[in-house]
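K.L.:
For reference, this is model-v3.pdb, and it has PDB, C-alpha atoms.
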ATOM      1  CA  MET A   1      87.843 108.579 122.183
ATOM      2  CA  ALA A   2      88.712 104.982 123.013
ATOM      3  CA  TRP A   3      89.757 102.501 120.307
ATOM      4  CA  ASN A   4      86.633 100.422 120.936
ATOM      5  CA  ASP A   5      84.193 103.317 120.548
ATOM      6  CA  GLU A   6      84.319 102.732 116.792
ATOM      7  CA  PRO A   7      83.166  99.582 114.975
ATOM      8  CA  GLN A   8      85.794  96.879 114.781
ATOM      9  CA  PRO A   9      87.942  97.490 111.689
ATOM     10  CA  VAL A  10      89.026  95.141 108.955
ATOM     11  CA  LEU A  11      92.804  94.684 108.788
ATOM     12  CA  THR A  12      94.399  93.793 105.484
ATOM     13  CA  THR A  13      97.701  92.081 104.847
ATOM     14  CA  ALA A  14      99.340  90.988 101.608
ATOM     15  CA  ARG A  15      97.184  87.846 101.422
ATOM     16  CA  LEU A  16      94.477  88.125 104.088
ATOM     17  CA  ARG A  17      91.513  90.106 105.335
ATOM     18  CA  LEU A  18      91.272  90.044 109.125
ATOM     19  CA  ARG A  19      87.638  90.877 109.718
ATOM     20  CA  PRO A  20      84.981  90.807 112.390
ATOM     21  CA  MET A  21      83.144  87.518 112.287
ATOM     22  CA  ALA A  22      79.432  87.038 111.607
ATOM     23  CA  PRO A  23      77.082  84.290 112.853
ATOM     24  CA  ALA A  24      77.107  82.880 109.302
ATOM     25  CA  ASP A  25      80.795  81.981 109.913
ATOM     26  CA  GLY A  26      79.739  79.599 112.694
ATOM     27  CA  PRO A  27      79.524  76.392 110.626
ATOM     28  CA  ARG A  28      82.935  77.138 109.094
ATOM     29  CA  VAL A  29      84.432  77.608 112.571
ATOM     30  CA  GLU A  30      82.908  74.308 113.669
ATOM     31  CA  ALA A  31      84.236  72.485 110.598
ATOM     32  CA  LEU A  32      87.797  73.804 110.883
ATOM     33  CA  ALA A  33      88.201  74.071 114.656
ATOM     34  CA  GLY A  34      86.390  70.755 115.086
ATOM     35  CA  ASP A  35      89.460  68.924 113.800
ATOM     36  CA  ARG A  36      91.115  67.211 116.764
ATOM     37  CA  ALA A  37      94.500  68.537 115.584
ATOM     38  CA  ILE A  38      93.292  72.077 116.355
ATOM     39  CA  ALA A  39      91.874  71.271 119.785
ATOM     40  CA  ASP A  40      94.987  69.220 120.597
ATOM     41  CA  THR A  41      97.206  72.299 120.872
ATOM     42  CA  THR A  42      94.770  75.010 121.989
ATOM     43  CA  ALA A  43      93.354  75.488 125.458
ATOM     44  CA  GLY A  44      90.062  77.102 124.486
ATOM     45  CA  VAL A  45      88.850  75.042 121.533
ATOM     46  CA  PRO A  46      86.477  72.207 122.484
ATOM     47  CA  HIS A  47      86.531  68.777 120.904
ATOM     48  CA  PRO A  48      84.221  67.695 119.563
ATOM     49  CA  TYR A  49      83.074  71.161 118.581
ATOM     50  CA  PRO A  50      79.349  71.385 119.391
ATOM     51  CA  GLU A  51      76.865  72.066 116.627
ATOM     52  CA  GLY A  52      75.779  75.683 116.891
ATOM     53  CA  GLY A  53      78.780  76.440 119.104
ATOM     54  CA  GLY A  54      80.502  78.531 116.445
ATOM     55  CA  ALA A  55      77.612  80.966 116.020
ATOM     56  CA  ALA A  56      77.056  81.109 119.791
ATOM     57  CA  TRP A  57      80.729  82.000 120.354
ATOM     58  CA  ILE A  58      80.705  84.584 117.541
ATOM     59  CA  SER A  59      77.595  86.222 119.036
ATOM     60  CA  THR A  60      79.708  87.209 122.081
ATOM     61  CA  HIS A  61      82.257  89.159 120.006
ATOM     62  CA  PRO A  62      80.461  92.537 119.635
ATOM     63  CA  SER A  63      79.881  93.004 123.361
ATOM     64  CA  ARG A  64      83.422  91.887 124.186
ATOM     65  CA  TRP A  65      84.761  94.413 121.638
ATOM     66  CA  ARG A  66      82.625  97.225 123.078
ATOM     67  CA  SER A  67      83.744  96.380 126.623
ATOM     68  CA  GLY A  68      87.388  96.496 125.552
ATOM     69  CA  PHE A  69      87.887  92.968 126.846
ATOM     70  CA  GLU A  70      88.494  91.011 123.660
ATOM     71  CA  ILE A  71      89.271  91.567 119.991
ATOM     72  CA  VAL A  72      88.625  88.663 117.609
ATOM     73  CA  PHE A  73      89.364  88.616 113.888
ATOM     74  CA  GLY A  74      88.487  85.938 111.398
ATOM     75  CA  LEU A  75      91.254  85.262 108.883
ATOM     76  CA  ALA A  76      89.664  85.332 105.440
ATOM     77  CA  LEU A  77      91.086  84.821 101.984
ATOM     78  CA  PRO A  78      90.112  87.911  99.938
ATOM     79  CA  ALA A  79      88.940  85.920  96.905
ATOM     80  CA  THR A  80      86.250  84.020  98.839
ATOM     81  CA  ASP A  81      85.949  85.883 102.186
ATOM     82  CA  GLU A  82      85.766  82.409 103.741
ATOM     83  CA  ILE A  83      87.223  82.018 107.234
ATOM     84  CA  ILE A  84      90.395  79.919 107.419
ATOM     85  CA  GLY A  85      91.269  80.616 111.051
ATOM     86  CA  VAL A  86      90.893  83.002 113.967
ATOM     87  CA  ILE A  87      93.222  85.350 115.828
ATOM     88  CA  GLY A  88      92.525  87.618 118.747
ATOM     89  CA  LEU A  89      93.598  89.476 121.836
ATOM     90  CA  VAL A  90      92.253  89.199 125.370
ATOM     91  CA  VAL A  91      92.943  92.667 126.744
ATOM     92  CA  HIS A  92      94.014  93.283 130.345
ATOM     93  CA  GLN A  93      93.287  97.005 130.513
ATOM     94  CA  ALA A  94      94.717  97.567 133.983
ATOM     95  CA  ASP A  95      98.109  96.324 132.767
ATOM     96  CA  ASP A  96      98.001  97.784 129.227
ATOM     97  CA  ALA A  97      98.643  94.241 128.042
ATOM     98  CA  ALA A  98      96.949  91.499 126.078
ATOM     99  CA  GLU A  99      97.241  87.803 125.413
ATOM    100  CA  LEU A 100      97.414  86.829 121.753
ATOM    101  CA  GLY A 101      95.698  83.603 120.742
ATOM    102  CA  TYR A 102      94.995  81.947 117.424
ATOM    103  CA  TRP A 103      94.190  78.814 115.475
ATOM    104  CA  LEU A 104      94.349  78.029 111.780
ATOM    105  CA  GLY A 105      92.433  75.370 109.866
ATOM    106  CA  LEU A 106      94.593  72.354 109.053
ATOM    107  CA  PRO A 107      94.356  72.748 105.232
ATOM    108  CA  TYR A 108      96.036  76.176 105.601
ATOM    109  CA  TRP A 109      99.027  75.208 107.773
ATOM    110  CA  ASN A 110     102.605  75.865 106.637
ATOM    111  CA  ARG A 111     101.746  78.701 104.253
ATOM    112  CA  GLY A 112     102.748  81.653 106.452
ATOM    113  CA  TYR A 113      99.169  82.872 106.921
ATOM    114  CA  MET A 114      99.289  82.953 110.703
ATOM    115  CA  SER A 115     102.653  84.723 110.797
ATOM    116  CA  GLU A 116     101.169  87.400 108.544
ATOM    117  CA  ALA A 117      98.058  87.706 110.715
ATOM    118  CA  ALA A 118     100.010  87.776 114.000
ATOM    119  CA  ALA A 119     102.181  90.668 112.789
ATOM    120  CA  ALA A 120      99.069  92.644 111.766
ATOM    121  CA  VAL A 121      97.305  92.047 115.083
ATOM    122  CA  ILE A 122     100.413  92.997 117.072
ATOM    123  CA  ASP A 123     100.631  96.202 115.020
ATOM    124  CA  PHE A 124      96.970  96.844 115.904
ATOM    125  CA  ALA A 125      97.615  96.108 119.599
ATOM    126  CA  PHE A 126     100.391  98.666 119.873
ATOM    127  CA  GLY A 127      99.437 101.169 117.176
ATOM    128  CA  VAL A 128      95.669 101.421 117.782
ATOM    129  CA  VAL A 129      94.851  99.924 121.171
ATOM    130  CA  GLY A 130      97.958 101.491 122.730
ATOM    131  CA  LEU A 131      99.149  98.504 124.731
ATOM    132  CA  ASN A 132     102.557  98.170 126.363
ATOM    133  CA  ARG A 133     102.932  94.374 126.177
ATOM    134  CA  VAL A 134     101.544  91.425 124.249
ATOM    135  CA  TRP A 135     102.170  87.834 125.257
ATOM    136  CA  ALA A 136     101.237  84.434 123.905
ATOM    137  CA  LEU A 137     101.516  80.831 125.017
ATOM    138  CA  HIS A 138     102.202  77.639 123.104
ATOM    139  CA  LEU A 139     102.786  74.031 124.033
ATOM    140  CA  THR A 140     106.473  73.203 123.797
ATOM    141  CA  ARG A 141     105.614  70.244 121.562
ATOM    142  CA  ASN A 142     104.179  72.745 119.059
ATOM    143  CA  PRO A 143     107.287  74.602 117.853
ATOM    144  CA  ALA A 144     105.461  75.839 114.730
ATOM    145  CA  SER A 145     103.326  78.081 116.938
ATOM    146  CA  GLY A 146     106.484  79.362 118.605
ATOM    147  CA  ARG A 147     107.913  80.245 115.175
ATOM    148  CA  VAL A 148     104.769  82.270 114.380
ATOM    149  CA  MET A 149     105.377  84.260 117.552
ATOM    150  CA  GLU A 150     109.094  84.703 116.847
ATOM    151  CA  LYS A 151     108.394  86.001 113.331
ATOM    152  CA  ALA A 152     106.105  88.599 114.912
ATOM    153  CA  GLY A 153     108.979  89.780 117.122
ATOM    154  CA  MET A 154     108.038  87.930 120.305
ATOM    155  CA  ARG A 155     110.808  86.679 122.587
ATOM    156  CA  LEU A 156     110.848  83.641 124.838
ATOM    157  CA  ALA A 157     110.037  84.727 128.389
ATOM    158  CA  GLY A 158     110.085  81.270 129.958
ATOM    159  CA  ILE A 159     108.724  77.751 130.124
ATOM    160  CA  GLU A 160     106.003  76.762 132.569
ATOM    161  CA  ARG A 161     106.118  73.077 133.395
ATOM    162  CA  GLN A 162     103.009  70.909 133.230
ATOM    163  CA  VAL A 163     100.750  73.942 133.204
ATOM    164  CA  MET A 164      98.087  72.694 130.802
ATOM    165  CA  GLY A 165      96.173  69.480 131.195
ATOM    166  CA  ARG A 166      94.509  68.150 128.067
ATOM    167  CA  TRP A 167      92.983  64.694 127.770
ATOM    168  CA  GLY A 168      94.757  63.455 130.890
ATOM    169  CA  VAL A 169      98.232  64.670 129.910
ATOM    170  CA  TYR A 170      99.963  67.626 131.558
ATOM    171  CA  GLU A 171     102.163  69.627 129.231
ATOM    172  CA  ASP A 172     104.823  72.304 129.323
ATOM    173  CA  GLN A 173     103.962  75.677 127.883
ATOM    174  CA  ALA A 174     106.262  78.388 126.511
ATOM    175  CA  ARG A 175     105.458  82.068 127.085
ATOM    176  CA  ARG A 176     106.602  84.638 124.545
ATOM    177  CA  THR A 177     106.280  88.411 124.830
ATOM    178  CA  ILE A 178     106.840  91.587 122.884
ATOM    179  CA  LEU A 179     107.006  95.031 124.471
ATOM    180  CA  ARG A 180     105.950  98.280 122.861
ATOM    181  CA  SER A 181     109.580  99.464 122.840
ATOM    182  CA  GLU A 182     110.661  96.286 120.999
ATOM    183  CA  TRP A 183     107.828  96.695 118.475
ATOM    184  CA  GLU A 184     108.834 100.328 117.900
ATOM    185  CA  GLU A 185     112.432  99.245 117.317
ATOM    186  CA  LEU A 186     111.322  96.621 114.772
ATOM    187  CA  ARG A 187     109.228  99.236 112.937
ATOM    188  CA  ARG A 188     112.248 101.566 112.669
ATOM    189  CA  ARG A 189     114.287  98.899 110.849
TER     190      ARG A 189
END
Written as structure tokens, how would this file's structure read?
P.N.:
Amino acid sequence: MAWNDEPQPVLTTARLRLRPMAPADGPRVEALAGDRAIADTTAGVPHPYPEGGGAAWISTHPSRWRSGFEIVFGLALPATDEIIGVIGLVVHQADDAAELGYWLGLPYWNRGYMSEAAAAVIDFAFGVVGLNRVWALHLTRNPASGRVMEKAGMRLAGIERQVMGRWGVYEDQARRTILRSEWEELRRR
């Protein structure tokens, strides 16, 4: 049985519930991701965020899960179950690899939430999905995102120069990776 034959699970960490998202989360996504500070450092978040765009995006998640192409979790605080950010994997099945991507609402920055979520999703990628490699990208001017990746065990693989154009500015992007063998070593410690 494949990992995606079952319904998408809820992952729990010390302070978060990483859960499948529902269309009702759409307005919250629009409110948080609609902040220019979020779009400024992410390639896939539009600005301004279109009304109804959150629910439309969320409606694609079940079919992408079933196809094994993408896994998206909403980060929710257990007390309210309200979304504070998003984390996910775009799976490249032929390579047993995935790209990790995430964003966190500005009011929740600098609290360690994303580091906690990234570690849980990487555990899921290797332990459940059975991948061999996970990578992630961040703009070099966003070292906080790089620290999230480092805390999850990812290592710098290189810098790509002027790879992302956003609002007329081309920027350098860092690539970080973690291999299954490195993840297994971290788990043994």
K.L.:
Applying the PyMOL selection byres ((chain A and resi 35) around 10) to the file I just gave you, which residues come out? Please list them as number ranges by chain.
P.N.:
A: 30-34, 36-40, 45-49, 105-106
K.L.:
For C-alpha atoms, I'd like the residues from the last selection saved as a compact mmCIF listing (two decimals), keeping the file's coordinate frame.
P.N.:
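Saved as part-v7.txt:
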# COMPACT_ATOMS: atom_id res chain seq x y z
CA GLU A 30 82.91 74.31 113.67
CA ALA A 31 84.24 72.48 110.60
CA LEU A 32 87.80 73.80 110.88
CA ALA A 33 88.20 74.07 114.66
CA GLY A 34 86.39 70.76 115.09
CA ARG A 36 91.12 67.21 116.76
CA ALA A 37 94.50 68.54 115.58
CA ILE A 38 93.29 72.08 116.36
CA ALA A 39 91.87 71.27 119.78
CA ASP A 40 94.99 69.22 120.60
CA VAL A 45 88.85 75.04 121.53
CA PRO A 46 86.48 72.21 122.48
CA HIS A 47 86.53 68.78 120.90
CA PRO A 48 84.22 67.69 119.56
CA TYR A 49 83.07 71.16 118.58
CA GLY A 105 92.43 75.37 109.87
CA LEU A 106 94.59 72.35 109.05
K.L.:
Between A:Gly85, A:Glu116, A:Asn132, A:Arg64, which has the minimum distance to A:Ala97 (counting all atoms listed in the file)?
P.N.:
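Closest candidate: A:Asn132.
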K.L.:
Have a look at A:Ala120, A:Ile83, A:Leu89, A:Val129 and name the one nearest to A:Pro107; count only C-alpha atoms.
P.N.:
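Under the stated criterion, the closest residue is A:Ile83.
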K.L.:
Between A:Gly68, A:Gly53, A:Gly112, A:Gly146, which is the closest to A:Ala14 once you count only C-alpha atoms?
P.N.:
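Among the listed residues, the smallest separation from A:Ala14 belongs to A:Gly112.
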K.L.:
Take the PyMOL selection byres ((chain A and resi 12) around 10), apply it to the structure above, and return the hits as number ranges by chain.
P.N.:
A: 9-11, 13-19, 75-76, 78, 116-117, 120
K.L.:
Which residue, A:Tyr102, A:Phe124, A:Trp65, A:Trp183, has the smallest gap to A:Glu6 when you use all atoms listed in the file?
P.N.:
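Smallest separation from A:Glu6 among the options: A:Trp65.
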